[in-house]
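Here the structure is laid out as structure tokens; the discussion comes afterwards.
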Amino acid sequence: MQALILAGGKGTRLRPLTVYTPKPIVPVLNRPFLLYQIEILRRAGVKDITLSLNYQPDKIEQQLGDGANYGVNLRYVTEPSPMGTGGAYKFAADAIRETTIVFNGDVLTDLDVFKIIGFHQQKKADATIVLTPVENPSAYGLVETEADGRVLRFLEKPKPEELEDLTTNNINAGIYILEPGVLDLIPEGENTSFEYNVFPELLKRGKEFFAFVMSGNYWRDIGTPTSYLQAHYDFLSGKIKGFKVGKPAEADVATTAIVDKSSILGEGCVVKPNAKIVHSVIGAGVHVEEKAIVENSVVWAHTRVSSQAQIRGAIIGRSCHIGRNVLVSDGAVLGDKTSLTDYTKV
């Protein structure tokens, strides 16, 4: 079995963080995001992984290489133009002409992939879609199934008045297992969507199409700054299981500085006297000067936080300069190389 990760999006919803950094390698706990998907695939014994790219593909390939450092074999295909989820799968067909597990490139989960593979094989399915329950299904496309898991229909973003009559709150989690025959349903060289084109065609043709419903697993689309930040909170509070989270030893923290137990510091960080870091993730080479406060925030590598600055509930991009006595408030998102002069309020 092989895997395909659809990592070609521009990350528009996550801007300005993705102007210079493709979404698949934005840092999550100071690691490129895709490594979390690669890790759960490797645990399930899926080591041949193809990355379907389009936006800034060279940066992704330079960072991840051939996958040897992560115990997998990575291949890359670059779409000439955005082709949609189904179109990207078809475009990569030469590399993946066998049973394939497909991941959308913005899904963070601790799912046991081995269980999905077993379910797919037990059902002798042509296609298996992973579903996850959500509290507010109106913002998503819902998937209705029979008791045995067979997919019945797709409902796109139901209106509030429609919710009362629904029997499900399960949404598409962006993870699929597909047999090679599915490729034959996708036209060559066209922009095609799994959700709007391929899956309805599977139902129309009466294919063996089943749903695996997550239970007790973490799932999040990290495609917006709010969700990206929440993913970090969830990691720091222990809601996401199975990934190793720890503090590198190579950080220079003053004895009178305060770094709480939940925070994570990247290699080469400097935290000066009386600075305070609470429930935050600090990237490699970041300098936090005297009496500065970083709270409930994510700060990317090589940023400097000047004395008495306060960053609360914010995301700070790479190589930024936060001046003295600056206040960065909840919800602020600063792109790479942003410079805030002394006493600025954001």
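Residue numbering restarts at 1 for every chain of the structure tokens, chains are lettered A, B, ... in their displayed order, and ligands are numbered from 1 as they appear.
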Using only C-alpha atoms, which residues sit within 10 Å of segment 230-246 of chain A once same-chain residues fewer than 4 positions away are excluded, as a PyMOL selection string? chain A and resi 28-29+36+39-40+108-112+217-222+224-226+261-266+279-281+296-298+313
Since we have the selection now, will you write its residues out, keeping C-alpha atoms, as a CSV table (one decimal), in the first residue's frame?
chain,number,residue,atom,x,y,z
A,28,VAL,CA,3.8,22.9,14.5
A,29,LEU,CA,5.7,22.5,17.8
A,36,TYR,CA,2.9,14.4,11.7
A,39,GLU,CA,4.7,9.7,11.2
A,40,ILE,CA,1.2,8.1,11.5
A,108,LEU,CA,-3.8,17.1,11.9
A,109,THR,CA,-4.9,13.8,13.6
A,110,ASP,CA,-3.6,11.1,15.9
A,111,LEU,CA,-5.7,8.4,14.1
A,112,ASP,CA,-4.4,4.9,14.0
A,217,ASN,CA,-9.3,10.5,18.0
A,218,TYR,CA,-8.1,14.0,17.6
A,219,TRP,CA,-8.8,15.8,14.3
A,220,ARG,CA,-8.3,19.3,13.2
A,221,ASP,CA,-8.0,21.3,9.9
A,222,ILE,CA,-5.1,23.7,10.6
A,224,THR,CA,-6.7,29.1,9.5
A,225,PRO,CA,-4.6,31.0,12.0
A,226,THR,CA,-7.2,30.4,14.8
A,261,LYS,CA,6.1,23.4,32.2
A,262,SER,CA,3.7,23.4,29.2
A,263,SER,CA,5.8,25.7,27.0
A,264,ILE,CA,8.3,24.5,24.4
A,265,LEU,CA,11.5,26.3,23.5
A,266,GLY,CA,13.4,25.7,20.2
A,279,HIS,CA,1.7,28.1,27.5
A,280,SER,CA,3.6,29.0,24.3
A,281,VAL,CA,5.8,27.5,21.6
A,296,ASN,CA,-0.6,31.6,24.8
A,297,SER,CA,1.3,32.3,21.6
A,298,VAL,CA,3.4,30.8,18.9
A,313,GLY,CA,-2.7,34.9,22.1
Any chance you could tabulate, as CSV, the residues of segment 185-271 of chain A at most 12 Å from segment 283-291 of chain A with each one's nearest atom pair and distance in Å to one decimal, using only C-alpha atoms, in chain and rising number order?
residue,atom,partner,partner_atom,distance
A:Lys247,CA,A:Gly283,CA,11.2
A:Pro248,CA,A:Ala284,CA,9.9
A:Ala249,CA,A:Ala284,CA,11.9
A:Glu250,CA,A:Ala284,CA,9.7
A:Ala251,CA,A:Gly285,CA,8.6
A:Asp252,CA,A:His287,CA,9.5
A:Val253,CA,A:Val288,CA,9.5
A:Ala254,CA,A:Glu290,CA,9.6
A:Thr255,CA,A:Glu290,CA,12.0
A:Thr256,CA,A:Glu290,CA,9.9
A:Ala257,CA,A:Lys291,CA,8.3
A:Ile258,CA,A:Lys291,CA,9.9
A:Val259,CA,A:Val288,CA,11.2
A:Ser263,CA,A:Gly283,CA,11.1
A:Ile264,CA,A:Gly283,CA,8.4
A:Leu265,CA,A:Gly283,CA,6.3
A:Gly266,CA,A:Ala284,CA,4.0
A:Glu267,CA,A:Ala284,CA,4.7
A:Gly268,CA,A:Gly285,CA,4.6
A:Cys269,CA,A:Gly285,CA,4.5
A:Val270,CA,A:His287,CA,4.8
A:Val271,CA,A:Val288,CA,4.8
Which neighbours of segment 179-183 of chain A fall inside 12 Å, counting only C-alpha atoms, when residues of the same chain fewer than 6 positions from it are skipped, and could you give them as a VMD selection string? chain A and resid 1 to 3 86 to 102 117 120 to 121 124 to 129 192 194 197 to 203 205 207 to 209
Here is a test: counting only C-alpha atoms, which residue of A:Ser193, A:Ser319, A:Gln37, A:Thr338 is nearest to Ala301 of chain A?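 Of A:Ser193, A:Ser319, A:Gln37, A:Thr338, the one nearest Ala301 of chain A is A:Ser319, counting only C-alpha atoms.
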From a DSSP pass on the backbone, collect the residues of segment 104-287 of chain A flagged as alpha helix (DSSP H) and hand them back as JSON, numbers by chain. {"A": [113, 114, 115, 116, 117, 118, 119, 120, 121, 122, 123, 160, 161, 162, 163, 199, 200, 201, 202, 203, 204, 225, 226, 227, 228, 229, 230, 231, 232, 233, 234, 235, 236]}
Would you please work out which residue, of A:Ala332, A:Ala309, A:Ile175, A:Ile322, is nearest to Leu229 of chain A when using only C-alpha atoms? A:Ala332
So, with only C-alpha atoms as the atoms that count, which of A:Leu51, A:Pro27, A:Leu6, A:Arg312 lies closest to Trp300 of chain A?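 Ranking A:Leu51, A:Pro27, A:Leu6, A:Arg312 by distance to Trp300 of chain A, first place goes to A:Pro27.
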For each of A:Leu327, A:Val26, A:Ala314, A:Val77, take the minimum atom-to-atom distance to Pro57 of chain A, counting only C-alpha atoms, then give the residue where this is smallest.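 So, comparing all the options, the nearest one is A:Val77.
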Point out the residue among A:Phe154, A:Phe114, A:Tyr20, A:Gly9 with the least atom-to-atom distance to Thr78 of chain A, counting only C-alpha atoms.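 Of A:Phe154, A:Phe114, A:Tyr20, A:Gly9, the one nearest Thr78 of chain A is A:Gly9, counting only C-alpha atoms.
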Could you give me the residues within segment 203-283 of chain A that DSSP places in strand (DSSP E or B), as a list of chain:residue names?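 So the strand (DSSP E or B) residues in segment 203-283 of chain A would be A:Phe209, A:Phe210, A:Ala211, A:Phe212, A:Val213, A:Trp219, A:Arg220, A:Asp221, A:Asp252, A:Val253, A:Ile258, A:Val259, A:Ile264, A:Leu265, A:Val270, A:Val271, A:Lys276, A:Ile277, A:Val278, A:Val281, A:Ile282.
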With a distance cut-off of 10 Å and only C-alpha atoms, select the neighbouring residues of Gly71 of chain A, excluding the residue or stretch itself and same-chain residues fewer than 6 positions from it, and output the selection as a VMD selection string. chain A and resid 38 to 39 42 to 43 47 to 48
